[in-house]
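K.L.:
Structure supplied as protein.txt; contents: compact mmCIF, C-alpha atoms.
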# COMPACT_ATOMS: atom_id res chain seq x y z
CA LYS A 1 0.00 0.00 0.00
CA GLN A 2 1.39 3.36 -1.05
CA GLU A 3 1.98 5.83 1.78
CA VAL A 4 2.91 9.47 1.30
CA THR A 5 4.48 11.61 4.00
CA GLN A 6 5.03 15.34 3.97
CA ILE A 7 7.47 17.24 6.15
CA PRO A 8 7.10 19.68 7.81
CA ALA A 9 3.41 19.65 8.71
CA ALA A 10 3.49 23.42 9.12
CA LEU A 11 5.93 26.15 8.21
CA SER A 12 5.97 29.87 8.93
CA VAL A 13 8.46 32.11 7.13
CA PRO A 14 9.02 35.82 6.55
CA GLU A 15 8.23 37.24 3.14
CA GLY A 16 11.05 36.89 0.62
CA GLU A 17 12.51 33.71 2.02
CA ASN A 18 13.24 30.71 -0.19
CA LEU A 19 11.79 27.47 1.16
CA VAL A 20 11.62 23.74 0.54
CA LEU A 21 8.73 21.39 1.18
CA ASN A 22 9.43 17.68 1.35
CA CYS A 23 7.44 14.66 0.23
CA SER A 24 8.33 10.99 0.51
CA PHE A 25 6.53 7.88 -0.72
CA THR A 26 6.99 4.23 0.13
CA ASP A 27 6.43 2.53 -3.24
CA SER A 28 8.72 3.80 -5.98
CA ALA A 29 6.58 2.24 -8.74
CA ILE A 30 4.78 5.48 -9.53
CA TYR A 31 3.51 6.88 -12.83
CA ASN A 32 3.75 10.50 -11.82
CA LEU A 33 3.80 12.90 -8.90
CA GLN A 34 1.71 16.03 -8.62
CA TRP A 35 1.92 19.01 -6.28
CA PHE A 36 -1.28 20.83 -5.40
CA ARG A 37 -2.16 23.97 -3.52
CA GLN A 38 -5.28 24.21 -1.34
CA ASP A 39 -6.63 27.42 0.14
CA PRO A 40 -8.83 27.12 3.26
CA GLY A 41 -12.21 25.61 2.47
CA LYS A 42 -11.41 25.35 -1.24
CA GLY A 43 -10.62 22.65 -3.77
CA LEU A 44 -7.20 21.67 -5.07
CA THR A 45 -5.24 23.66 -7.62
CA SER A 46 -2.58 21.78 -9.56
CA LEU A 47 0.86 23.38 -9.38
CA LEU A 48 3.27 20.95 -11.04
CA LEU A 49 3.12 17.47 -12.55
CA ILE A 50 6.27 15.37 -12.83
CA GLN A 51 6.13 12.21 -14.93
CA SER A 52 8.06 9.21 -13.59
CA SER A 53 10.68 9.61 -16.33
CA GLN A 54 11.33 13.24 -15.41
CA ARG A 55 13.57 14.68 -12.72
CA GLU A 56 12.06 18.13 -12.27
CA GLN A 57 9.50 20.64 -13.42
CA THR A 58 9.45 24.42 -13.09
CA SER A 59 6.70 26.99 -13.16
CA GLY A 60 7.53 30.57 -12.28
CA ARG A 61 8.90 30.68 -8.73
CA LEU A 62 8.13 26.99 -8.19
CA ASN A 63 10.45 24.09 -8.87
CA ALA A 64 9.64 20.48 -8.09
CA SER A 65 12.13 17.63 -8.20
CA LEU A 66 11.59 13.89 -8.21
CA ASP A 67 13.96 11.12 -7.16
CA LYS A 68 11.87 8.04 -7.81
CA SER A 69 14.47 5.52 -6.67
CA SER A 70 14.70 7.06 -3.22
CA GLY A 71 10.99 7.86 -3.03
CA ARG A 72 11.39 11.60 -2.56
CA SER A 73 10.20 14.85 -4.04
CA THR A 74 10.79 18.44 -3.06
CA LEU A 75 8.90 21.61 -3.88
CA TYR A 76 11.08 24.69 -3.89
CA ILE A 77 9.42 28.10 -3.62
CA ALA A 78 11.62 31.08 -4.38
CA ALA A 79 11.12 34.55 -2.95
CA SER A 80 7.99 33.62 -0.99
CA GLN A 81 5.06 36.04 -0.84
CA PRO A 82 2.09 36.33 1.55
CA GLY A 83 -0.13 35.13 -1.30
CA ASP A 84 1.73 31.81 -1.21
CA SER A 85 0.12 31.06 2.16
CA ALA A 86 -1.86 27.86 1.73
CA THR A 87 -1.64 24.11 2.27
CA TYR A 88 0.59 22.29 -0.21
CA LEU A 89 -0.26 18.68 -0.99
CA CYS A 90 1.91 16.09 -2.66
CA ALA A 91 0.24 13.14 -4.43
CA VAL A 92 1.53 10.16 -6.39
CA THR A 93 -0.15 7.97 -8.97
CA SER A 94 0.51 4.31 -8.31
CA GLY A 95 -1.73 1.41 -9.17
CA SER A 96 -4.99 2.93 -10.29
CA ARG A 97 -5.27 5.90 -7.98
CA LEU A 98 -3.77 9.11 -6.64
CA THR A 99 -2.51 8.90 -3.05
CA PHE A 100 -2.02 12.07 -1.02
CA GLY A 101 0.16 13.17 1.83
CA GLU A 102 -1.39 15.15 4.67
CA GLY A 103 0.02 18.42 3.42
CA THR A 104 2.28 21.22 4.61
CA GLN A 105 0.51 24.32 5.87
CA LEU A 106 2.58 27.31 4.78
CA THR A 107 2.27 30.80 6.24
CA VAL A 108 4.28 33.63 4.70
CA ASN A 109 4.37 36.66 6.97
CA PRO A 110 4.58 40.19 5.51
CA ASP B 1 -14.80 23.50 -20.92
CA THR B 2 -13.96 25.34 -17.72
CA GLY B 3 -12.75 22.40 -15.66
CA VAL B 4 -14.36 20.09 -13.14
CA SER B 5 -17.64 21.38 -11.73
CA GLN B 6 -19.19 20.22 -8.45
CA ASN B 7 -22.63 21.00 -7.07
CA PRO B 8 -23.70 22.01 -4.55
CA ARG B 9 -20.77 23.89 -3.01
CA HIS B 10 -22.18 23.51 0.48
CA LYS B 11 -24.79 21.19 1.96
CA ILE B 12 -26.13 21.16 5.49
CA THR B 13 -28.33 18.23 6.34
CA LYS B 14 -29.87 16.63 9.38
CA ARG B 15 -28.58 13.29 10.54
CA GLY B 16 -30.46 10.46 8.89
CA GLN B 17 -31.27 12.35 5.69
CA ASN B 18 -30.03 11.35 2.25
CA VAL B 19 -27.85 13.67 0.19
CA THR B 20 -26.64 13.59 -3.39
CA PHE B 21 -23.72 15.43 -4.94
CA ARG B 22 -22.96 15.95 -8.59
CA CYS B 23 -19.69 16.17 -10.48
CA ASP B 24 -19.22 17.22 -14.10
CA PRO B 25 -15.72 16.28 -15.27
CA ILE B 26 -13.62 17.65 -18.10
CA SER B 27 -15.34 16.25 -21.15
CA GLU B 28 -12.40 14.43 -22.73
CA HIS B 29 -11.28 12.81 -19.47
CA ASN B 30 -12.21 9.15 -19.23
CA ARG B 31 -11.54 8.73 -15.53
CA LEU B 32 -13.50 10.28 -12.68
CA TYR B 33 -12.57 10.02 -9.01
CA TRP B 34 -14.26 10.80 -5.72
CA TYR B 35 -12.22 11.71 -2.66
CA ARG B 36 -13.15 12.70 0.88
CA GLN B 37 -11.18 15.17 2.94
CA THR B 38 -11.59 15.88 6.63
CA LEU B 39 -10.10 18.88 8.40
CA GLY B 40 -6.31 18.83 8.53
CA GLN B 41 -6.00 15.66 6.48
CA GLY B 42 -5.10 14.90 2.90
CA PRO B 43 -7.85 13.69 0.56
CA GLU B 44 -8.70 9.99 0.85
CA PHE B 45 -9.72 7.90 -2.13
CA LEU B 46 -13.34 6.72 -2.25
CA THR B 47 -13.97 5.37 -5.73
CA TYR B 48 -13.24 5.85 -9.41
CA PHE B 49 -14.85 5.29 -12.78
CA GLN B 50 -13.36 4.62 -16.16
CA ASN B 51 -16.02 5.82 -18.54
CA GLU B 52 -19.26 4.44 -17.04
CA ALA B 53 -17.67 1.49 -15.22
CA GLN B 54 -16.95 1.77 -11.51
CA LEU B 55 -13.64 -0.04 -11.25
CA GLU B 56 -12.59 0.35 -7.64
CA LYS B 57 -14.16 1.23 -4.31
CA SER B 58 -12.34 2.01 -1.08
CA ARG B 59 -13.19 0.33 2.20
CA LEU B 60 -14.15 3.85 3.30
CA LEU B 61 -17.14 3.60 0.99
CA SER B 62 -19.67 1.91 3.27
CA ASP B 63 -22.94 0.48 1.99
CA ARG B 64 -24.58 3.85 2.73
CA PHE B 65 -22.55 5.36 -0.10
CA SER B 66 -23.28 4.83 -3.76
CA ALA B 67 -21.77 6.43 -6.82
CA GLU B 68 -22.86 6.35 -10.42
CA ARG B 69 -21.62 7.65 -13.72
CA PRO B 70 -24.35 7.01 -16.25
CA LYS B 71 -23.23 7.28 -19.86
CA GLY B 72 -19.69 8.00 -18.75
CA SER B 73 -20.31 11.71 -18.35
CA PHE B 74 -21.31 13.34 -15.03
CA SER B 75 -21.24 11.41 -11.77
CA THR B 76 -23.34 11.44 -8.64
CA LEU B 77 -22.37 10.44 -5.11
CA GLU B 78 -25.25 9.62 -2.78
CA ILE B 79 -25.00 9.18 0.95
CA GLN B 80 -27.97 7.53 2.63
CA ARG B 81 -28.89 7.90 6.29
CA THR B 82 -26.17 10.49 6.89
CA GLU B 83 -24.16 10.41 10.10
CA GLN B 84 -22.16 13.18 11.76
CA GLY B 85 -18.99 11.36 10.80
CA ASP B 86 -19.87 11.94 7.15
CA SER B 87 -19.18 15.65 7.58
CA ALA B 88 -16.29 16.40 5.25
CA MET B 89 -15.30 17.97 1.95
CA TYR B 90 -16.14 15.69 -0.98
CA LEU B 91 -13.82 16.26 -3.91
CA CYS B 92 -14.23 15.10 -7.47
CA ALA B 93 -11.38 14.83 -9.96
CA SER B 94 -11.02 13.77 -13.55
CA SER B 95 -8.10 12.67 -15.67
CA LEU B 96 -6.95 10.71 -18.62
CA ILE B 97 -5.86 7.19 -17.64
CA LEU B 98 -3.23 7.24 -14.86
CA GLY B 99 -3.18 11.01 -14.87
CA ALA B 100 -1.27 11.00 -18.10
CA LEU B 101 -0.25 14.23 -19.84
CA GLU B 102 -2.11 16.72 -17.67
CA GLY B 103 -2.42 14.96 -14.36
CA TYR B 104 -5.57 15.21 -12.32
CA THR B 105 -7.95 18.16 -12.26
CA PHE B 106 -10.02 18.68 -9.15
CA GLY B 107 -13.27 20.50 -8.65
CA SER B 108 -13.94 23.00 -5.88
CA GLY B 109 -15.56 20.34 -3.72
CA THR B 110 -18.83 19.98 -1.85
CA ARG B 111 -18.66 20.76 1.85
CA LEU B 112 -21.10 18.52 3.75
CA THR B 113 -22.14 19.33 7.30
CA VAL B 114 -24.35 16.82 9.10
CA VAL B 115 -26.10 18.28 12.16
Kindly return the structure encoded in the file as structure tokens.
P.N.:
Amino acid sequence: KQEVTQIPAALSVPEGENLVLNCSFTDSAIYNLQWFRQDPGKGLTSLLLIQSSQREQTSGRLNASLDKSSGRSTLYIAASQPGDSATYLCAVTSGSRLTFGEGTQLTVNP
Amino acid sequence: DTGVSQNPRHKITKRGQNVTFRCDPISEHNRLYWYRQTLGQGPEFLTYFQNEAQLEKSRLLSDRFSAERPKGSFSTLEIQRTEQGDSAMYLCASSLILGALEGYTFGSGTRLTVV
């Protein structure tokens, strides 16, 4: 059974700081990994999708890496802004479904 | 096509009542998923459809829950005899098989409160 863990559970940083969110998964036989953002009481917004054959993806200030053999992914956020405050969820596709971690709650203070 | 649409956005119901939620996926996506999310947790898988066929159901999906996807288009999730423990956000997602190309697209969810 695939299990996804995200560290830290919560993170508070001052505006402008660069930060890294971590995700690990137990079964390396994945098809892809996807990072999502969730604002309070809202649905999920896709940030980045990394296929199993890829090592990283970038979008603006976001960069996600994937090391499938070690079962790890990181989401790097450059020059954080208060608008980045949200919960960030990592999810992997293995078998027939998407399995989520419990998320990292990020607060960026002005 | 503006993405995955879920209705209603919020539902408050009395314990013991039946509720039904609707999900309209992205039209070209052949897979549709239902997830449940409680406060402070990541979404948990409930069930998924490939076209109109329901291919997998989680143990979380008790016999009070039923999902359908007639004609392989929209889907409904019904909860019978609701309990307070059913209070959660119910999320719908659609994708091509295995989340290929574009990954999974989620709707805004239906927030259920059972009082």
K.L.:
Within 7 Å of range 67-79 of chain B, counting all atoms listed in the file, which residues qualify if same-chain residues fewer than 2 places away don't, as a list of chain:residue names?
P.N.:
B:Asn18, B:Val19, B:Thr20, B:Phe21, B:Arg22, B:Cys23, B:Asp24, B:Pro25, B:Asn51, B:Glu52, B:Arg64, B:Phe65, B:Arg81, B:Thr82
K.L.:
If we draw a sphere of 12 Å around (9.2, 41.6, 4.3), which residues have at least one atom in it when counting only C-alpha atoms? Please report them as a ChimeraX atom specification.
P.N.:
/A:13-17,79-82,108-110
K.L.:
Just to confirm, what's the straight-line distance from CA of Gln105 in chain A to CA of Leu44 in chain A in Å (one decimal)?
P.N.:
13.6 Å
K.L.:
What is the distance, in Å and to one decimal place, between CA of Ser24 in chain A and CA of Met89 in chain B?
P.N.:
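Calculated distance between CA of Ser24 in chain A and CA of Met89 in chain B is 24.7 Å.
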K.L.:
Pick from A:Gly60, A:Gly95, A:Gly103, A:Gly71: nearest to Ala10 in chain A, with all atoms listed in the file counted?
P.N.:
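Among the listed residues, the smallest separation from Ala10 in chain A belongs to A:Gly103.
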K.L.:
Any idea which chain A residues end up within 10 Å of chain B if we count all atoms listed in the file, as a ChimeraX atom specification please?
P.N.:
/A:4,9,30-34,36,38,40-46,48-51,87-105
K.L.:
To one decimal place in Å, what is the distance between CA of Ser66 in chain B and CA of Ser94 in chain B?
P.N.:
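About the pair CA of Ser66 in chain B and CA of Ser94 in chain B: they are 18.1 Å apart.
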K.L.:
Any idea what's packed within 8 Å of Leu21 in chain A, counting all atoms listed in the file, ignoring anything in its chain fewer than 2 positions away? Could you give it as a PDB file with C-alpha atoms, in the frame of the given file?
P.N.:
ATOM      1  CA  GLN A   6       5.030  15.340   3.970  1.00  0.00           C
ATOM      2  CA  ILE A   7       7.470  17.240   6.150  1.00  0.00           C
ATOM      3  CA  PRO A   8       7.100  19.680   7.810  1.00  0.00           C
ATOM      4  CA  LEU A  19      11.790  27.470   1.160  1.00  0.00           C
ATOM      5  CA  CYS A  23       7.440  14.660   0.230  1.00  0.00           C
ATOM      6  CA  THR A  74      10.790  18.440  -3.060  1.00  0.00           C
ATOM      7  CA  LEU A  75       8.900  21.610  -3.880  1.00  0.00           C
ATOM      8  CA  TYR A  76      11.080  24.690  -3.890  1.00  0.00           C
ATOM      9  CA  THR A 104       2.280  21.220   4.610  1.00  0.00           C
TER      10      THR A 104
END
K.L.:
Find, counting all atoms listed in the file, the residue in A:Glu3, A:Asp39, A:Asp27, A:Asp84 that gets nearest to Leu62 in chain A.
P.N.:
A:Asp84
